[in-house]
file model31.cif (mmCIF, C-alpha atoms)
data_target
#
loop_
_atom_site.group_PDB
_atom_site.id
_atom_site.type_symbol
_atom_site.label_atom_id
_atom_site.label_comp_id
_atom_site.auth_asym_id
_atom_site.auth_seq_id
_atom_site.Cartn_x
_atom_site.Cartn_y
_atom_site.Cartn_z
ATOM 1 C CA MET A 1 11.098 -14.223 30.367
ATOM 2 C CA ARG A 2 7.685 -12.526 30.588
ATOM 3 C CA PHE A 3 6.612 -13.821 27.154
ATOM 4 C CA PRO A 4 8.451 -17.110 26.653
ATOM 5 C CA PHE A 5 6.033 -18.328 23.976
ATOM 6 C CA LEU A 6 5.710 -15.097 22.013
ATOM 7 C CA PRO A 7 8.082 -16.046 19.144
ATOM 8 C CA VAL A 8 6.230 -19.340 18.627
ATOM 9 C CA SER A 9 2.888 -17.541 18.750
ATOM 10 C CA LEU A 10 4.030 -15.026 16.184
ATOM 11 C CA ALA A 11 5.323 -17.796 13.937
ATOM 12 C CA CYS A 12 2.002 -19.644 14.163
ATOM 13 C CA ALA A 13 0.087 -16.453 13.415
ATOM 14 C CA TRP A 14 2.236 -15.782 10.386
ATOM 15 C CA LEU A 15 1.787 -19.336 9.137
ATOM 16 C CA LEU A 16 -1.996 -19.170 9.541
ATOM 17 C CA SER A 17 -2.036 -15.816 7.757
ATOM 18 C CA ALA A 18 0.095 -17.129 4.868
ATOM 19 C CA ASN A 19 -2.106 -20.200 4.474
ATOM 20 C CA ALA A 20 -5.262 -18.080 4.508
ATOM 21 C CA PHE A 21 -3.731 -15.783 1.891
ATOM 22 C CA ALA A 22 -2.818 -18.756 -0.287
ATOM 23 C CA GLN A 23 -6.335 -20.171 -0.045
ATOM 24 C CA ASP A 24 -7.685 -16.906 -1.448
ATOM 25 C CA TYR A 25 -4.989 -16.697 -4.120
ATOM 26 C CA PRO A 26 -5.519 -15.621 -6.804
ATOM 27 C CA ALA A 27 -8.276 -13.246 -5.692
ATOM 28 C CA ALA A 28 -11.041 -12.798 -8.242
ATOM 29 C CA ASN A 29 -10.629 -9.008 -8.252
ATOM 30 C CA LYS A 30 -6.857 -9.056 -8.814
ATOM 31 C CA THR A 31 -4.965 -9.541 -12.061
ATOM 32 C CA ILE A 32 -1.689 -11.448 -12.280
ATOM 33 C CA THR A 33 0.927 -9.559 -14.295
ATOM 34 C CA PHE A 34 3.816 -11.107 -16.175
ATOM 35 C CA VAL A 35 6.452 -8.380 -16.443
ATOM 36 C CA LEU A 36 8.368 -8.957 -19.669
ATOM 37 C CA PRO A 37 11.566 -6.883 -19.741
ATOM 38 C CA TYR A 38 11.553 -6.582 -23.544
ATOM 39 C CA ALA A 39 9.506 -4.895 -26.246
ATOM 40 C CA ALA A 40 6.425 -6.549 -27.696
ATOM 41 C CA GLY A 41 6.693 -8.667 -30.830
ATOM 42 C CA GLY A 42 9.809 -10.759 -30.173
ATOM 43 C CA PRO A 43 10.022 -14.509 -29.534
ATOM 44 C CA THR A 44 10.170 -14.079 -25.737
ATOM 45 C CA ASP A 45 7.108 -11.830 -25.832
ATOM 46 C CA LYS A 46 5.225 -14.480 -27.814
ATOM 47 C CA ALA A 47 6.243 -17.226 -25.388
ATOM 48 C CA ALA A 48 5.082 -15.094 -22.445
ATOM 49 C CA ARG A 49 1.678 -14.479 -24.030
ATOM 50 C CA ASP A 50 1.271 -18.141 -24.925
ATOM 51 C CA LEU A 51 2.129 -19.165 -21.351
ATOM 52 C CA ALA A 52 -0.233 -16.554 -19.903
ATOM 53 C CA GLN A 53 -3.111 -18.062 -21.886
ATOM 54 C CA SER A 54 -2.345 -21.620 -20.816
ATOM 55 C CA MET A 55 -1.683 -20.750 -17.160
ATOM 56 C CA SER A 56 -4.897 -18.737 -17.103
ATOM 57 C CA LYS A 57 -6.787 -21.868 -18.168
ATOM 58 C CA ALA A 58 -4.964 -23.889 -15.519
ATOM 59 C CA MET A 59 -6.046 -21.329 -12.878
ATOM 60 C CA GLY A 60 -9.718 -21.436 -13.772
ATOM 61 C CA GLY A 61 -9.645 -18.586 -16.264
ATOM 62 C CA HIS A 62 -7.986 -16.043 -13.951
ATOM 63 C CA SER A 63 -6.767 -12.952 -15.797
ATOM 64 C CA ILE A 64 -3.041 -12.809 -16.603
ATOM 65 C CA VAL A 65 -1.704 -9.801 -18.515
ATOM 66 C CA ILE A 66 1.677 -8.861 -20.001
ATOM 67 C CA ASP A 67 3.560 -5.715 -19.009
ATOM 68 C CA ASN A 68 6.349 -4.932 -21.500
ATOM 69 C CA SER A 69 8.850 -3.028 -19.344
ATOM 70 C CA ALA A 70 11.796 -2.874 -21.747
ATOM 71 C CA GLY A 71 15.166 -1.201 -21.341
ATOM 72 C CA ALA A 72 18.753 -1.657 -20.185
ATOM 73 C CA SER A 73 19.039 -5.132 -21.748
ATOM 74 C CA GLY A 74 16.148 -6.405 -19.650
ATOM 75 C CA SER A 75 17.359 -5.222 -16.252
ATOM 76 C CA ILE A 76 14.653 -2.541 -15.848
ATOM 77 C CA GLY A 77 11.795 -5.027 -15.952
ATOM 78 C CA ALA A 78 13.637 -7.546 -13.793
ATOM 79 C CA ASN A 79 14.357 -4.895 -11.163
ATOM 80 C CA LYS A 80 10.700 -3.869 -11.231
ATOM 81 C CA VAL A 81 9.727 -7.387 -10.150
ATOM 82 C CA ALA A 82 12.577 -7.706 -7.636
ATOM 83 C CA LYS A 83 11.207 -4.600 -5.862
ATOM 84 C CA ALA A 84 7.497 -5.512 -6.231
ATOM 85 C CA SER A 85 5.167 -6.716 -3.481
ATOM 86 C CA ALA A 86 5.762 -10.394 -2.749
ATOM 87 C CA ASP A 87 2.109 -11.350 -3.148
ATOM 88 C CA GLY A 88 2.151 -13.456 -6.326
ATOM 89 C CA TYR A 89 0.500 -10.846 -8.537
ATOM 90 C CA THR A 90 3.668 -9.434 -10.132
ATOM 91 C CA LEU A 91 5.901 -12.028 -11.799
ATOM 92 C CA LEU A 92 8.918 -11.890 -14.088
ATOM 93 C CA PHE A 93 9.004 -13.752 -17.381
ATOM 94 C CA THR A 94 12.446 -13.529 -18.881
ATOM 95 C CA HIS A 95 15.037 -15.517 -20.797
ATOM 96 C CA ILE A 96 18.737 -16.341 -20.514
ATOM 97 C CA ALA A 97 19.406 -12.728 -19.496
ATOM 98 C CA GLN A 98 18.620 -13.810 -15.936
ATOM 99 C CA ALA A 99 21.955 -15.645 -16.035
ATOM 100 C CA THR A 100 24.002 -13.254 -18.182
ATOM 101 C CA LEU A 101 23.147 -9.771 -16.916
ATOM 102 C CA PRO A 102 25.087 -10.287 -13.654
ATOM 103 C CA SER A 103 28.228 -10.461 -15.816
ATOM 104 C CA PHE A 104 27.235 -7.697 -18.254
ATOM 105 C CA PHE A 105 26.475 -5.093 -15.580
ATOM 106 C CA ARG A 106 28.973 -3.917 -13.014
ATOM 107 C CA ASN A 107 26.180 -2.466 -10.856
ATOM 108 C CA LEU A 108 23.094 -4.569 -11.454
ATOM 109 C CA PRO A 109 20.376 -3.172 -9.130
ATOM 110 C CA TYR A 110 19.238 -6.607 -7.982
ATOM 111 C CA ASN A 111 20.744 -9.973 -7.070
ATOM 112 C CA VAL A 112 19.689 -12.834 -9.323
ATOM 113 C CA GLU A 113 20.258 -15.454 -6.639
ATOM 114 C CA LYS A 114 18.818 -13.638 -3.612
ATOM 115 C CA ASP A 115 16.056 -11.312 -4.864
ATOM 116 C CA PHE A 116 13.775 -13.814 -6.634
ATOM 117 C CA GLU A 117 11.769 -16.936 -5.958
ATOM 118 C CA TYR A 118 12.236 -19.419 -8.787
ATOM 119 C CA ILE A 119 8.986 -20.882 -10.128
ATOM 120 C CA GLY A 120 10.128 -22.956 -13.109
ATOM 121 C CA LEU A 121 11.609 -23.008 -16.591
ATOM 122 C CA VAL A 122 9.157 -23.001 -19.490
ATOM 123 C CA SER A 123 10.798 -23.558 -22.864
ATOM 124 C CA GLU A 124 14.048 -23.224 -24.748
ATOM 125 C CA ASN A 125 14.806 -22.037 -28.261
ATOM 126 C CA PRO A 126 17.660 -23.377 -30.380
ATOM 127 C CA MET A 127 19.837 -20.990 -32.334
ATOM 128 C CA ASN A 128 21.150 -20.975 -35.849
ATOM 129 C CA LEU A 129 24.255 -19.490 -37.478
ATOM 130 C CA ILE A 130 23.363 -17.643 -40.688
ATOM 131 C CA SER A 131 25.082 -15.268 -43.123
ATOM 132 C CA ARG A 132 24.408 -12.710 -45.806
ATOM 133 C CA PRO A 133 23.157 -14.403 -48.992
ATOM 134 C CA ASN A 134 26.250 -13.562 -51.065
ATOM 135 C CA LEU A 135 28.869 -14.780 -48.594
ATOM 136 C CA PRO A 136 31.320 -17.060 -50.487
ATOM 137 C CA ALA A 137 30.779 -20.200 -48.390
ATOM 138 C CA ASN A 138 28.097 -22.869 -48.621
ATOM 139 C CA ASN A 139 28.768 -25.119 -45.634
ATOM 140 C CA MET A 140 30.455 -24.926 -42.248
ATOM 141 C CA THR A 141 33.814 -26.216 -43.466
ATOM 142 C CA GLU A 142 33.942 -23.549 -46.169
ATOM 143 C CA LEU A 143 32.775 -20.920 -43.685
ATOM 144 C CA VAL A 144 35.568 -21.668 -41.198
ATOM 145 C CA THR A 145 38.102 -21.548 -44.047
ATOM 146 C CA TRP A 146 36.701 -18.190 -45.156
ATOM 147 C CA ILE A 147 36.780 -16.833 -41.580
ATOM 148 C CA ASN A 148 40.423 -17.859 -41.109
ATOM 149 C CA ALA A 149 41.361 -16.253 -44.423
ATOM 150 C CA ASN A 150 39.653 -12.963 -43.525
ATOM 151 C CA LYS A 151 40.634 -12.372 -39.920
ATOM 152 C CA GLY A 152 40.157 -8.771 -38.884
ATOM 153 C CA LYS A 153 37.692 -8.093 -41.709
ATOM 154 C CA ILE A 154 34.595 -9.945 -40.552
ATOM 155 C CA ASN A 155 31.625 -8.464 -38.724
ATOM 156 C CA ILE A 156 28.813 -10.213 -36.882
ATOM 157 C CA ALA A 157 25.451 -8.612 -36.161
ATOM 158 C CA ASN A 158 23.444 -8.837 -32.953
ATOM 159 C CA ALA A 159 20.199 -7.445 -31.550
ATOM 160 C CA GLY A 160 21.991 -5.416 -28.879
ATOM 161 C CA PRO A 161 24.306 -5.969 -25.902
ATOM 162 C CA GLY A 162 23.202 -8.947 -23.847
ATOM 163 C CA SER A 163 20.800 -10.216 -26.487
ATOM 164 C CA ALA A 164 20.595 -13.879 -27.458
ATOM 165 C CA SER A 165 22.317 -13.159 -30.759
ATOM 166 C CA HIS A 166 25.098 -11.276 -28.952
ATOM 167 C CA LEU A 167 25.716 -14.192 -26.574
ATOM 168 C CA CYS A 168 25.787 -16.753 -29.356
ATOM 169 C CA GLY A 169 28.099 -14.584 -31.425
ATOM 170 C CA MET A 170 30.536 -14.171 -28.552
ATOM 171 C CA LEU A 171 30.588 -17.905 -27.876
ATOM 172 C CA PHE A 172 31.188 -18.574 -31.585
ATOM 173 C CA GLN A 173 34.183 -16.224 -31.635
ATOM 174 C CA SER A 174 35.519 -17.626 -28.372
ATOM 175 C CA THR A 175 35.245 -21.195 -29.646
ATOM 176 C CA LEU A 176 36.986 -20.381 -32.943
ATOM 177 C CA LYS A 177 39.473 -18.108 -31.152
ATOM 178 C CA VAL A 178 38.806 -15.433 -33.766
ATOM 179 C CA ASP A 179 37.899 -11.802 -33.099
ATOM 180 C CA MET A 180 35.148 -10.306 -35.235
ATOM 181 C CA THR A 181 33.645 -6.831 -35.196
ATOM 182 C CA SER A 182 30.364 -7.031 -33.288
ATOM 183 C CA VAL A 183 27.692 -4.769 -34.763
ATOM 184 C CA PRO A 184 24.878 -4.107 -32.261
ATOM 185 C CA TYR A 185 21.399 -3.125 -33.435
ATOM 186 C CA LYS A 186 18.269 -2.026 -31.603
ATOM 187 C CA GLY A 187 16.537 -5.342 -32.061
ATOM 188 C CA THR A 188 16.613 -8.399 -34.296
ATOM 189 C CA ALA A 189 14.579 -6.895 -37.151
ATOM 190 C CA PRO A 190 17.086 -4.172 -38.198
ATOM 191 C CA ALA A 191 19.986 -6.605 -37.762
ATOM 192 C CA MET A 192 18.278 -9.124 -40.029
ATOM 193 C CA THR A 193 17.505 -6.404 -42.593
ATOM 194 C CA ASP A 194 21.171 -5.453 -42.873
ATOM 195 C CA LEU A 195 22.247 -9.107 -43.001
ATOM 196 C CA ILE A 196 19.865 -9.789 -45.880
ATOM 197 C CA GLY A 197 21.113 -6.624 -47.586
ATOM 198 C CA GLY A 198 24.754 -7.700 -47.246
ATOM 199 C CA GLN A 199 25.823 -4.881 -44.917
ATOM 200 C CA VAL A 200 26.979 -7.396 -42.291
ATOM 201 C CA ASP A 201 28.470 -10.866 -42.680
ATOM 202 C CA LEU A 202 27.093 -13.157 -39.985
ATOM 203 C CA MET A 203 24.506 -13.486 -37.258
ATOM 204 C CA CYS A 204 23.538 -16.198 -34.772
ATOM 205 C CA ASP A 205 19.924 -15.963 -33.677
ATOM 206 C CA GLN A 206 16.926 -17.959 -32.491
ATOM 207 C CA THR A 207 15.345 -20.295 -35.011
ATOM 208 C CA THR A 208 12.032 -18.520 -34.526
ATOM 209 C CA THR A 209 13.550 -15.590 -36.446
ATOM 210 C CA THR A 210 15.926 -17.415 -38.807
ATOM 211 C CA ILE A 211 13.565 -20.049 -40.229
ATOM 212 C CA PRO A 212 11.375 -17.629 -42.251
ATOM 213 C CA GLN A 213 14.490 -16.057 -43.821
ATOM 214 C CA ILE A 214 15.972 -19.473 -44.638
ATOM 215 C CA GLU A 215 12.709 -20.627 -46.191
ATOM 216 C CA GLY A 216 12.634 -17.422 -48.262
ATOM 217 C CA LYS A 217 16.263 -18.042 -49.357
ATOM 218 C CA LYS A 218 17.202 -14.601 -48.066
ATOM 219 C CA VAL A 219 20.131 -15.859 -45.954
ATOM 220 C CA LYS A 220 22.506 -18.813 -45.867
ATOM 221 C CA SER A 221 22.347 -21.281 -42.981
ATOM 222 C CA PHE A 222 25.355 -23.206 -41.635
ATOM 223 C CA ALA A 223 24.647 -24.963 -38.331
ATOM 224 C CA VAL A 224 22.376 -25.174 -35.307
ATOM 225 C CA THR A 225 23.490 -24.805 -31.707
ATOM 226 C CA THR A 226 21.755 -27.810 -30.137
ATOM 227 C CA PRO A 227 23.491 -31.119 -29.305
ATOM 228 C CA THR A 228 21.203 -32.937 -31.765
ATOM 229 C CA ARG A 229 19.757 -31.950 -35.121
ATOM 230 C CA LEU A 230 16.395 -30.202 -35.308
ATOM 231 C CA THR A 231 13.253 -31.533 -36.923
ATOM 232 C CA ALA A 232 11.973 -28.258 -38.414
ATOM 233 C CA ALA A 233 11.771 -28.662 -42.200
ATOM 234 C CA ALA A 234 14.004 -25.673 -42.938
ATOM 235 C CA LEU A 235 16.750 -26.988 -40.631
ATOM 236 C CA LYS A 236 16.474 -30.775 -40.702
ATOM 237 C CA ASP A 237 19.593 -31.066 -42.874
ATOM 238 C CA MET A 238 21.618 -28.559 -40.837
ATOM 239 C CA PRO A 239 24.529 -30.079 -38.835
ATOM 240 C CA THR A 240 25.096 -29.195 -35.201
ATOM 241 C CA MET A 241 28.078 -27.111 -34.168
ATOM 242 C CA GLN A 242 29.502 -30.189 -32.475
ATOM 243 C CA GLU A 243 29.177 -32.249 -35.655
ATOM 244 C CA VAL A 244 31.322 -29.752 -37.530
ATOM 245 C CA GLY A 245 34.066 -29.872 -34.918
ATOM 246 C CA LEU A 246 33.135 -27.122 -32.446
ATOM 247 C CA LYS A 247 33.140 -29.324 -29.375
ATOM 248 C CA ASP A 248 31.020 -28.292 -26.377
ATOM 249 C CA PHE A 249 29.299 -25.551 -28.408
ATOM 250 C CA SER A 250 25.723 -25.681 -27.194
ATOM 251 C CA VAL A 251 23.395 -22.706 -26.777
ATOM 252 C CA THR A 252 19.676 -22.564 -26.161
ATOM 253 C CA ILE A 253 17.737 -19.479 -25.171
ATOM 254 C CA TRP A 254 15.498 -20.550 -22.322
ATOM 255 C CA GLN A 255 12.613 -18.775 -20.661
ATOM 256 C CA GLY A 256 11.556 -18.937 -17.018
ATOM 257 C CA LEU A 257 9.079 -17.537 -14.509
ATOM 258 C CA TYR A 258 10.050 -15.765 -11.243
ATOM 259 C CA ALA A 259 8.417 -14.060 -8.267
ATOM 260 C CA PRO A 260 9.770 -11.490 -5.818
ATOM 261 C CA LYS A 261 11.714 -12.890 -2.878
ATOM 262 C CA GLY A 262 9.469 -13.609 0.074
ATOM 263 C CA THR A 263 6.403 -14.665 -1.894
ATOM 264 C CA PRO A 264 4.577 -17.155 0.385
ATOM 265 C CA ALA A 265 5.415 -20.791 -0.280
ATOM 266 C CA PRO A 266 1.751 -21.816 -0.743
ATOM 267 C CA VAL A 267 1.358 -19.155 -3.438
ATOM 268 C CA LEU A 268 4.516 -20.335 -5.184
ATOM 269 C CA LYS A 269 3.132 -23.882 -5.055
ATOM 270 C CA LYS A 270 -0.067 -22.768 -6.800
ATOM 271 C CA LEU A 271 1.938 -20.952 -9.472
ATOM 272 C CA ASN A 272 4.259 -23.902 -10.017
ATOM 273 C CA ASP A 273 1.309 -26.296 -10.236
ATOM 274 C CA ALA A 274 -0.328 -24.064 -12.863
ATOM 275 C CA LEU A 275 2.942 -23.836 -14.793
ATOM 276 C CA LYS A 276 3.277 -27.617 -14.885
ATOM 277 C CA VAL A 277 -0.249 -27.929 -16.248
ATOM 278 C CA ALA A 278 0.394 -25.187 -18.815
ATOM 279 C CA VAL A 279 3.525 -26.772 -20.285
ATOM 280 C CA LYS A 280 1.539 -29.933 -20.963
ATOM 281 C CA ASP A 281 -1.279 -28.033 -22.683
ATOM 282 C CA PRO A 282 -1.377 -29.320 -26.308
ATOM 283 C CA ASP A 283 -2.153 -25.824 -27.576
ATOM 284 C CA PHE A 284 0.871 -24.356 -25.771
ATOM 285 C CA ILE A 285 3.123 -27.161 -27.029
ATOM 286 C CA ARG A 286 1.899 -26.686 -30.605
ATOM 287 C CA LYS A 287 2.591 -22.947 -30.514
ATOM 288 C CA GLN A 288 6.123 -23.380 -29.128
ATOM 289 C CA GLU A 289 7.125 -26.230 -31.434
ATOM 290 C CA GLY A 290 5.773 -24.282 -34.402
ATOM 291 C CA GLY A 291 8.563 -21.757 -33.831
ATOM 292 C CA GLY A 292 11.235 -24.384 -33.271
ATOM 293 C CA ALA A 293 11.148 -24.182 -29.456
ATOM 294 C CA THR A 294 11.128 -27.132 -27.057
ATOM 295 C CA VAL A 295 8.804 -27.124 -24.050
ATOM 296 C CA ILE A 296 10.583 -28.044 -20.806
ATOM 297 C CA THR A 297 9.044 -30.851 -18.764
ATOM 298 C CA ASP A 298 12.030 -32.047 -16.753
ATOM 299 C CA ALA A 299 13.407 -31.255 -13.279
ATOM 300 C CA ARG A 300 13.931 -27.634 -14.307
ATOM 301 C CA ASN A 301 10.143 -27.158 -14.017
ATOM 302 C CA ASP A 302 10.626 -27.356 -10.255
ATOM 303 C CA PRO A 303 11.819 -24.319 -8.272
ATOM 304 C CA ALA A 304 15.009 -26.011 -7.011
ATOM 305 C CA GLY A 305 15.919 -27.450 -10.403
ATOM 306 C CA HIS A 306 15.174 -24.110 -12.044
ATOM 307 C CA LYS A 307 17.425 -22.187 -9.666
ATOM 308 C CA ASN A 308 20.270 -24.698 -9.879
ATOM 309 C CA PHE A 309 20.148 -24.541 -13.664
ATOM 310 C CA VAL A 310 20.192 -20.731 -13.772
ATOM 311 C CA LEU A 311 23.151 -20.532 -11.385
ATOM 312 C CA SER A 312 25.027 -23.051 -13.544
ATOM 313 C CA GLU A 313 24.311 -20.804 -16.544
ATOM 314 C CA VAL A 314 25.656 -17.787 -14.630
ATOM 315 C CA ALA A 315 28.923 -19.699 -14.157
ATOM 316 C CA LYS A 316 28.969 -20.841 -17.796
ATOM 317 C CA TRP A 317 28.538 -17.412 -19.356
ATOM 318 C CA ALA A 318 30.653 -15.294 -16.982
ATOM 319 C CA PRO A 319 34.026 -16.167 -18.590
ATOM 320 C CA VAL A 320 32.602 -15.803 -22.121
ATOM 321 C CA ILE A 321 31.265 -12.332 -21.355
ATOM 322 C CA LYS A 322 34.480 -11.349 -19.569
ATOM 323 C CA ALA A 323 36.522 -12.454 -22.581
ATOM 324 C CA GLY A 324 34.278 -10.336 -24.801
ATOM 325 C CA GLY A 325 35.095 -7.263 -22.724
ATOM 326 C CA VAL A 326 31.531 -5.886 -22.900
ATOM 327 C CA TYR A 327 30.250 -4.241 -19.740
ATOM 328 C CA ALA A 328 27.673 -1.649 -18.800
ATOM 329 C CA ASP A 329 27.297 0.441 -15.654
#
call {"tool": "encode", "arguments": {"input": "model31.cif", "output": "structure tokens"}}
result
Amino acid sequence: MRFPFLPVSLACAWLLSANAFAQDYPAANKTITFVLPYAAGGPTDKAARDLAQSMSKAMGGHSIVIDNSAGASGSIGANKVAKASADGYTLLFTHIAQATLPSFFRNLPYNVEKDFEYIGLVSENPMNLISRPNLPANNMTELVTWINANKGKINIANAGPGSASHLCGMLFQSTLKVDMTSVPYKGTAPAMTDLIGGQVDLMCDQTTTTIPQIEGKKVKSFAVTTPTRLTAAALKDMPTMQEVGLKDFSVTIWQGLYAPKGTPAPVLKKLNDALKVAVKDPDFIRKQEGGGATVITDARNDPAGHKNFVLSEVAKWAPVIKAGGVYAD
């Protein structure tokens, strides 16, 4: 009873300190880092760099750099941010892996729900089912017929366990109730090379990587994974998976921004405000739409909407990944 007001005093001191910190954030002599848990050059890397430019403008030209911390299907970079100082200078930019890695890894070194502050979703990329150029099918109906006639003989490429192409491929098999041989590669580029060369039969990947091959007539295209058709010239005549009878088949590869748990609320507010300005930047929109992506400007831009969406995606993908029987320690 000697210090009855001490807890309140401490709380007030902490609040004043947090507000003072937020007023100085971001400090002119400190760089904000987007940790990207993948190698440079891919579609998520491009989206991160585009967002960094637009958020930098929204924050008065403050420096934002990209740190490519690749490995272990993206979990190394994510864990790096989960364990970083909660000061707003180390952030995670990642894609759908934030929702799928909890099911892929038995011993993920961080907790997706508890170890991050959710800032907001940024964009989402549709996907596209394609095949080797000499596959004897020219539309989705013919493809399904061919798949049913060749059960046990078909292989489907992906860019590695947990990759966007792996997820889409697993959902495709689960929806058709057909098992195919999954062929993992160390990235999209070698998988696409073998698909073009006829060494593998199928692949489902982001339109940012499939459109150039379709335009070059190096692969065949069968369907897109969005609920509605796309407007990109190379895909405007492509049906959706739902149109061809695969009900509830919808996959987009989304990207979001995260901070370590405990980052002060005023700092998170500044980051979220900058994100909302960035996603309305005409230059950012042009760059994303040029690759077939859609910029997100709905409730998922808000921290609560972002987190609710990711947790719903965790629930959506868990049974698909479990059915695929692919796990890592």
call {"tool": "residues_around", "arguments": {"input": "model31.cif", "residues": "Leu121 of chain A", "least_positions_apart": "3", "cutoff": "8 Å", "atoms": "only C-alpha atoms", "output": "list in words"}}
result
Trp254, Gln255, Gly256, Leu257, Ile296, Arg300, Asn301, Asp302 and His306 of chain A
call {"tool": "residues_around", "arguments": {"input": "model31.cif", "residues": "segment 25-41 of chain A", "least_positions_apart": "3", "cutoff": "9 Å", "atoms": "only C-alpha atoms", "output": "PyMOL selection string"}}
result
chain A and resi 20-22+44-46+48-49+52+59+62-78+80-81+87-94+257+267+270
call {"tool": "write_last_selection", "arguments": {"input": "model31.cif", "atoms": "C-alpha atoms", "output": "PDB file, in the coordinates of the input"}}
result
ATOM      1  CA  ALA A  20      -5.262 -18.080   4.508  1.00  0.00           C
ATOM      2  CA  PHE A  21      -3.731 -15.783   1.891  1.00  0.00           C
ATOM      3  CA  ALA A  22      -2.818 -18.756  -0.287  1.00  0.00           C
ATOM      4  CA  THR A  44      10.170 -14.079 -25.737  1.00  0.00           C
ATOM      5  CA  ASP A  45       7.108 -11.830 -25.832  1.00  0.00           C
ATOM      6  CA  LYS A  46       5.225 -14.480 -27.814  1.00  0.00           C
ATOM      7  CA  ALA A  48       5.082 -15.094 -22.445  1.00  0.00           C
ATOM      8  CA  ARG A  49       1.678 -14.479 -24.030  1.00  0.00           C
ATOM      9  CA  ALA A  52      -0.233 -16.554 -19.903  1.00  0.00           C
ATOM     10  CA  MET A  59      -6.046 -21.329 -12.878  1.00  0.00           C
ATOM     11  CA  HIS A  62      -7.986 -16.043 -13.951  1.00  0.00           C
ATOM     12  CA  SER A  63      -6.767 -12.952 -15.797  1.00  0.00           C
ATOM     13  CA  ILE A  64      -3.041 -12.809 -16.603  1.00  0.00           C
ATOM     14  CA  VAL A  65      -1.704  -9.801 -18.515  1.00  0.00           C
ATOM     15  CA  ILE A  66       1.677  -8.861 -20.001  1.00  0.00           C
ATOM     16  CA  ASP A  67       3.560  -5.715 -19.009  1.00  0.00           C
ATOM     17  CA  ASN A  68       6.349  -4.932 -21.500  1.00  0.00           C
ATOM     18  CA  SER A  69       8.850  -3.028 -19.344  1.00  0.00           C
ATOM     19  CA  ALA A  70      11.796  -2.874 -21.747  1.00  0.00           C
ATOM     20  CA  GLY A  71      15.166  -1.201 -21.341  1.00  0.00           C
ATOM     21  CA  ALA A  72      18.753  -1.657 -20.185  1.00  0.00           C
ATOM     22  CA  SER A  73      19.039  -5.132 -21.748  1.00  0.00           C
ATOM     23  CA  GLY A  74      16.148  -6.405 -19.650  1.00  0.00           C
ATOM     24  CA  SER A  75      17.359  -5.222 -16.252  1.00  0.00           C
ATOM     25  CA  ILE A  76      14.653  -2.541 -15.848  1.00  0.00           C
ATOM     26  CA  GLY A  77      11.795  -5.027 -15.952  1.00  0.00           C
ATOM     27  CA  ALA A  78      13.637  -7.546 -13.793  1.00  0.00           C
ATOM     28  CA  LYS A  80      10.700  -3.869 -11.231  1.00  0.00           C
ATOM     29  CA  VAL A  81       9.727  -7.387 -10.150  1.00  0.00           C
ATOM     30  CA  ASP A  87       2.109 -11.350  -3.148  1.00  0.00           C
ATOM     31  CA  GLY A  88       2.151 -13.456  -6.326  1.00  0.00           C
ATOM     32  CA  TYR A  89       0.500 -10.846  -8.537  1.00  0.00           C
ATOM     33  CA  THR A  90       3.668  -9.434 -10.132  1.00  0.00           C
ATOM     34  CA  LEU A  91       5.901 -12.028 -11.799  1.00  0.00           C
ATOM     35  CA  LEU A  92       8.918 -11.890 -14.088  1.00  0.00           C
ATOM     36  CA  PHE A  93       9.004 -13.752 -17.381  1.00  0.00           C
ATOM     37  CA  THR A  94      12.446 -13.529 -18.881  1.00  0.00           C
ATOM     38  CA  LEU A 257       9.079 -17.537 -14.509  1.00  0.00           C
ATOM     39  CA  VAL A 267       1.358 -19.155  -3.438  1.00  0.00           C
ATOM     40  CA  LYS A 270      -0.067 -22.768  -6.800  1.00  0.00           C
TER      41      LYS A 270
END
call {"tool": "atom_distance", "arguments": {"input": "model31.cif", "atom1": "atom CA of Ala97 of chain A", "atom2": "atom CA of Ser163 of chain A"}}
result
7.6 Å
call {"tool": "closest_residue", "arguments": {"input": "model31.cif", "among": "A:Arg229, A:Lys236, A:His95, A:Lys247", "to": "Phe172 of chain A", "atoms": "all atoms listed in the file"}}
result
A:Lys247
call {"tool": "resolve_selection", "arguments": {"input": "model31.cif", "expression": "the PyMOL selection byres ((chain A and resi 272) around 8)", "output": "MDAnalysis selection string"}}
result
chainID A and resid 119:120 268:271 273:276 301:303
